[in-house]
$ cat my_file_21.txt   # compact mmCIF, C-alpha atoms
# COMPACT_ATOMS: atom_id res chain seq x y z
CA MET A 379 6.88 -2.53 -16.49
CA ALA A 380 4.58 -0.13 -18.30
CA ALA A 381 0.82 -0.30 -18.23
CA MET A 382 -0.49 -2.98 -20.63
CA ASP A 383 2.66 -5.10 -20.31
CA ARG A 384 2.05 -8.59 -19.09
CA ILE A 385 3.08 -9.88 -15.69
CA PRO A 386 5.96 -12.30 -16.38
CA GLU A 387 5.30 -15.94 -15.51
CA ASP A 388 8.07 -16.04 -12.93
CA VAL A 389 6.47 -13.09 -11.13
CA ALA A 390 3.03 -14.73 -11.27
CA ARG A 391 4.59 -17.76 -9.52
CA ILE A 392 5.85 -15.74 -6.53
CA LYS A 393 4.36 -17.18 -3.34
CA ILE A 394 2.17 -15.13 -1.04
CA SER A 395 0.29 -16.34 2.04
CA ASP A 396 -3.34 -16.03 3.00
CA LEU A 397 -4.33 -15.28 6.59
CA ALA A 398 -4.35 -18.96 7.46
CA GLY A 399 -0.74 -19.22 6.35
CA GLN A 400 -1.61 -21.15 3.20
CA GLU A 401 0.65 -20.33 0.26
CA HIS A 402 -0.75 -19.21 -3.07
CA ALA A 403 0.83 -18.10 -6.31
CA LEU A 404 0.54 -14.36 -6.84
CA GLY A 405 -1.00 -15.11 -10.23
CA ALA A 406 -3.92 -16.87 -8.58
CA THR A 407 -5.24 -13.47 -7.53
CA TRP A 408 -6.06 -12.56 -11.14
CA ALA A 409 -6.50 -16.01 -12.67
CA THR A 410 -10.30 -16.00 -12.84
CA LYS A 411 -11.23 -12.32 -12.79
CA PRO A 412 -9.49 -8.95 -13.03
CA ALA A 413 -7.78 -7.91 -9.84
CA VAL A 414 -7.01 -4.54 -8.35
CA LEU A 415 -3.84 -5.39 -6.45
CA ALA A 416 -3.26 -2.90 -3.65
CA PHE A 417 0.23 -3.30 -2.21
CA VAL A 418 0.21 -1.54 1.16
CA ARG A 419 3.28 -0.03 2.79
CA HIS A 420 2.74 -1.90 6.01
CA PHE A 421 -0.06 -2.96 8.32
CA GLY A 422 -0.93 -0.84 11.34
CA MET B 725 -6.33 1.91 0.72
CA ALA B 726 -9.24 3.57 2.49
CA GLN B 727 -10.45 5.13 -0.75
CA LEU B 728 -10.21 1.82 -2.59
CA ARG B 729 -12.08 0.07 0.19
CA ARG B 730 -14.92 2.56 -0.14
CA GLU B 731 -15.17 1.81 -3.87
CA VAL B 732 -15.11 -1.98 -3.62
CA ASP B 733 -18.72 -2.26 -4.81
CA LYS B 734 -17.77 -0.40 -8.00
CA ILE B 735 -14.76 -2.68 -8.44
CA HIS B 736 -17.04 -5.70 -8.08
CA ALA B 737 -19.50 -4.18 -10.56
CA TYR B 738 -16.71 -4.38 -13.17
CA GLY B 739 -16.31 -8.08 -12.41
CA ALA B 740 -13.04 -7.47 -10.58
CA GLU B 741 -11.79 -8.05 -7.05
CA LEU B 742 -9.82 -5.79 -4.71
CA VAL B 743 -6.88 -7.81 -3.40
CA VAL B 744 -4.75 -6.34 -0.63
CA ILE B 745 -1.15 -7.48 -0.22
CA GLY B 746 0.99 -6.46 2.73
CA ASN B 747 4.49 -7.23 3.93
CA GLY B 748 4.02 -7.66 7.66
CA ASN B 749 3.50 -11.01 9.33
CA LEU B 750 0.25 -12.96 9.56
CA GLN B 751 -0.50 -11.70 13.07
CA PHE B 752 -0.28 -8.09 11.86
CA ALA B 753 -2.37 -8.95 8.80
CA ASN B 754 -5.13 -10.50 10.88
CA ALA B 755 -5.19 -7.48 13.18
CA PHE B 756 -5.30 -5.20 10.11
CA ARG B 757 -8.26 -7.15 8.75
CA ASN B 758 -10.09 -6.98 12.06
CA ASP B 759 -9.37 -3.28 12.64
CA LEU B 760 -10.56 -2.27 9.18
CA LYS B 761 -13.30 -4.91 9.00
CA LEU B 762 -11.80 -5.84 5.66
CA GLU B 763 -13.85 -8.32 3.63
CA THR B 764 -11.67 -8.35 0.55
CA PRO B 765 -8.93 -10.97 0.01
CA LEU B 766 -5.81 -10.14 2.01
CA TYR B 767 -2.40 -11.73 1.61
CA VAL B 768 1.07 -11.24 3.00
CA ASP B 769 4.41 -11.33 1.25
CA THR B 770 6.90 -11.36 4.09
CA THR B 771 9.89 -11.61 1.73
CA ARG B 772 8.60 -8.65 -0.34
CA ALA B 773 9.53 -10.58 -3.49
CA SER B 774 6.36 -9.44 -5.24
CA TYR B 775 7.03 -5.84 -4.25
CA ARG B 776 10.53 -5.98 -5.76
CA ALA B 777 9.42 -7.86 -8.87
CA LEU B 778 6.67 -5.35 -9.62
CA GLY B 779 8.85 -2.30 -9.09
CA MET B 780 7.61 -0.99 -5.73
CA LYS B 781 10.07 1.46 -4.26
CA ARG B 782 11.75 1.23 -0.89
CA GLY B 783 13.94 3.62 1.08
CA MET B 784 14.28 5.83 4.12
CA VAL B 785 14.52 9.07 2.13
CA ARG B 786 11.40 8.19 0.12
CA THR B 787 9.58 7.38 3.31
CA LEU B 788 10.69 10.26 5.54
CA GLY B 789 12.78 12.70 3.57
CA SER B 790 10.50 14.54 1.21
CA LEU B 791 8.31 17.58 1.72
CA ARG B 792 5.65 15.87 -0.36
CA MET B 793 5.58 13.01 2.14
CA TRP B 794 5.03 15.40 5.05
CA ALA B 795 2.28 17.13 3.09
CA ASN B 796 0.68 13.70 2.63
CA VAL B 797 0.92 13.08 6.37
CA LEU B 798 -0.79 16.39 7.15
CA ARG B 799 -3.51 15.69 4.59
CA ALA B 800 -4.17 12.22 6.00
CA ARG B 801 -4.24 13.47 9.59
CA SER B 802 -6.61 16.29 8.63
CA LYS B 803 -8.99 13.59 7.36
CA GLY B 804 -8.70 11.69 10.61
CA PHE B 805 -6.42 8.89 9.49
CA ARG B 806 -4.03 7.57 12.14
CA GLN B 807 -1.75 4.58 12.29
CA GLN B 808 -3.49 2.34 14.79
CA HIS B 809 -0.63 0.23 16.06
CA GLY B 810 2.55 1.74 14.68
CA VAL B 811 4.40 0.29 11.73
CA GLN B 812 3.72 -3.43 11.26
CA GLY B 813 5.94 -4.58 8.43
CA ASP B 814 8.88 -3.03 6.62
CA ALA B 815 8.84 0.65 7.53
CA TRP B 816 10.74 1.69 4.40
CA GLN B 817 8.68 -0.24 1.87
CA LEU B 818 6.36 1.78 -0.35
CA GLY B 819 3.37 0.35 -2.15
CA GLY B 820 1.38 0.74 -5.31
CA VAL B 821 -1.65 -0.45 -7.21
CA LEU B 822 -1.92 -2.61 -10.32
CA VAL B 823 -4.97 -3.64 -12.29
CA VAL B 824 -4.25 -7.11 -13.69
CA LEU B 825 -6.48 -8.94 -16.17
CA PRO B 826 -6.88 -12.74 -16.18
CA ASP B 827 -4.45 -13.01 -19.12
CA GLY B 828 -1.81 -11.18 -17.08
CA ARG B 829 -2.04 -7.86 -18.90
CA VAL B 830 -1.70 -4.73 -16.78
CA PRO B 831 -3.94 -1.89 -18.02
CA TYR B 832 -3.08 0.27 -15.03
CA ARG B 833 -0.06 0.54 -12.79
CA TYR B 834 0.75 3.08 -10.08
CA ILE B 835 3.94 2.91 -8.06
CA SER B 836 4.04 5.19 -5.02
CA ALA B 837 6.96 7.60 -5.10
CA VAL B 838 6.84 8.65 -1.44
CA ALA B 839 4.88 7.69 1.67
CA GLY B 840 1.25 8.77 1.36
CA ASP B 841 1.39 8.85 -2.43
CA HIS B 842 -1.81 7.16 -3.62
CA PRO B 843 -3.35 6.71 -7.05
CA SER B 844 -6.58 8.24 -8.22
CA VAL B 845 -9.40 5.77 -7.62
CA ASN B 846 -11.16 7.18 -10.67
CA LYS B 847 -8.19 6.18 -12.85
CA ILE B 848 -8.33 2.67 -11.44
CA LEU B 849 -12.04 2.43 -12.17
CA ASP B 850 -11.48 3.87 -15.67
CA ALA B 851 -8.90 1.14 -16.32
CA LEU B 852 -11.43 -1.51 -15.29
CA GLU B 853 -14.10 0.03 -17.48
CA SER B 854 -11.79 0.24 -20.48
CA ALA B 855 -10.25 -3.20 -20.07
CA PRO B 856 -10.73 -5.38 -23.16

$ encode --input "my_file_21.txt" --output "structure tokens"
Amino acid sequence: MAAMDRIPEDVARIKISDLAGQEHALGATWATKPAVLAFVRHFG
Amino acid sequence: MAQLRREVDKIHAYGAELVVIGNGNLQFANAFRNDLKLETPLYVDTTRASYRALGMKRGMVRTLGSLRMWANVLRARSKGFRQQHGVQGDAWQLGGVLVVLPDGRVPYRYISAVAGDHPSVNKILDALESAP
């Protein structure tokens, strides 16, 4: 995926969990405002 | 991550949010949030499906086997950064940063090539400023 491509819908639907264990669609993180998504290697 | 966290006010000034996604479990994520006093949204993807789908790299050689990685380790240590509790998540998974607009367009994408490989925060902020 190059810059300025669009995130495919199936990728936007991937489930991630908040800290309470509630599932959200990945796409919800940018649905209402631009998001800087920082994928970290690991915690710790 | 630390550099991005320091610039969160600038990210907010562009009407955007810093969202952190990790691959460890919820217990590790909560500890991470508490240790860093993180106030930005934090999520976990324990299956790493989003990492794979967005092209993040993974591998032992990328994580341990490059001189550039060891240079990154020395640089981080010289600035005082230490892993607080060891590796909490997939030790071989690398990360990256994407700027994503509400319509799904990606004006900026950085995929880490080795451990310690981080994008320029200025380039991230430039992408936010230039976003249509």

$ interface_residues --input "my_file_21.txt" --of "chain B" --to "chain A" --cutoff "7 Å" --atoms "all atoms listed in the file" --output "JSON, numbers by chain"
{"B": [739, 740, 741, 742, 743, 744, 745, 746, 747, 748, 750, 752, 753, 754, 756, 766, 767, 768, 769, 774, 777, 807, 808, 809, 810, 811, 812, 813, 814, 815, 817, 818, 819, 820, 821, 822, 823, 824, 825, 826, 828, 829, 830, 831, 832, 833]}

$ residues_around --input "my_file_21.txt" --residues "Phe805 in chain B" --least-positions-apart "3" --cutoff "12 Å" --atoms "all atoms listed in the file" --output "compact mmCIF listing (two decimals) with C-alpha atoms, in the frame of the given file"
# COMPACT_ATOMS: atom_id res chain seq x y z
CA GLY A 422 -0.93 -0.84 11.34
CA MET B 725 -6.33 1.91 0.72
CA ALA B 726 -9.24 3.57 2.49
CA GLN B 727 -10.45 5.13 -0.75
CA LEU B 760 -10.56 -2.27 9.18
CA ASN B 796 0.68 13.70 2.63
CA VAL B 797 0.92 13.08 6.37
CA LEU B 798 -0.79 16.39 7.15
CA ARG B 799 -3.51 15.69 4.59
CA ALA B 800 -4.17 12.22 6.00
CA ARG B 801 -4.24 13.47 9.59
CA SER B 802 -6.61 16.29 8.63
CA GLN B 808 -3.49 2.34 14.79
CA GLY B 840 1.25 8.77 1.36

$ atom_distance --input "my_file_21.txt" --atom1 "CA of Ile848 in chain B" --atom2 "CA of Leu778 in chain B"
17.1 Å

$ atom_distance --input "my_file_21.txt" --atom1 "CA of Leu728 in chain B" --atom2 "CA of Val785 in chain B"
26.2 Å

$ atom_distance --input "my_file_21.txt" --atom1 "CA of Asn749 in chain B" --atom2 "CA of Thr771 in chain B"
9.9 Å
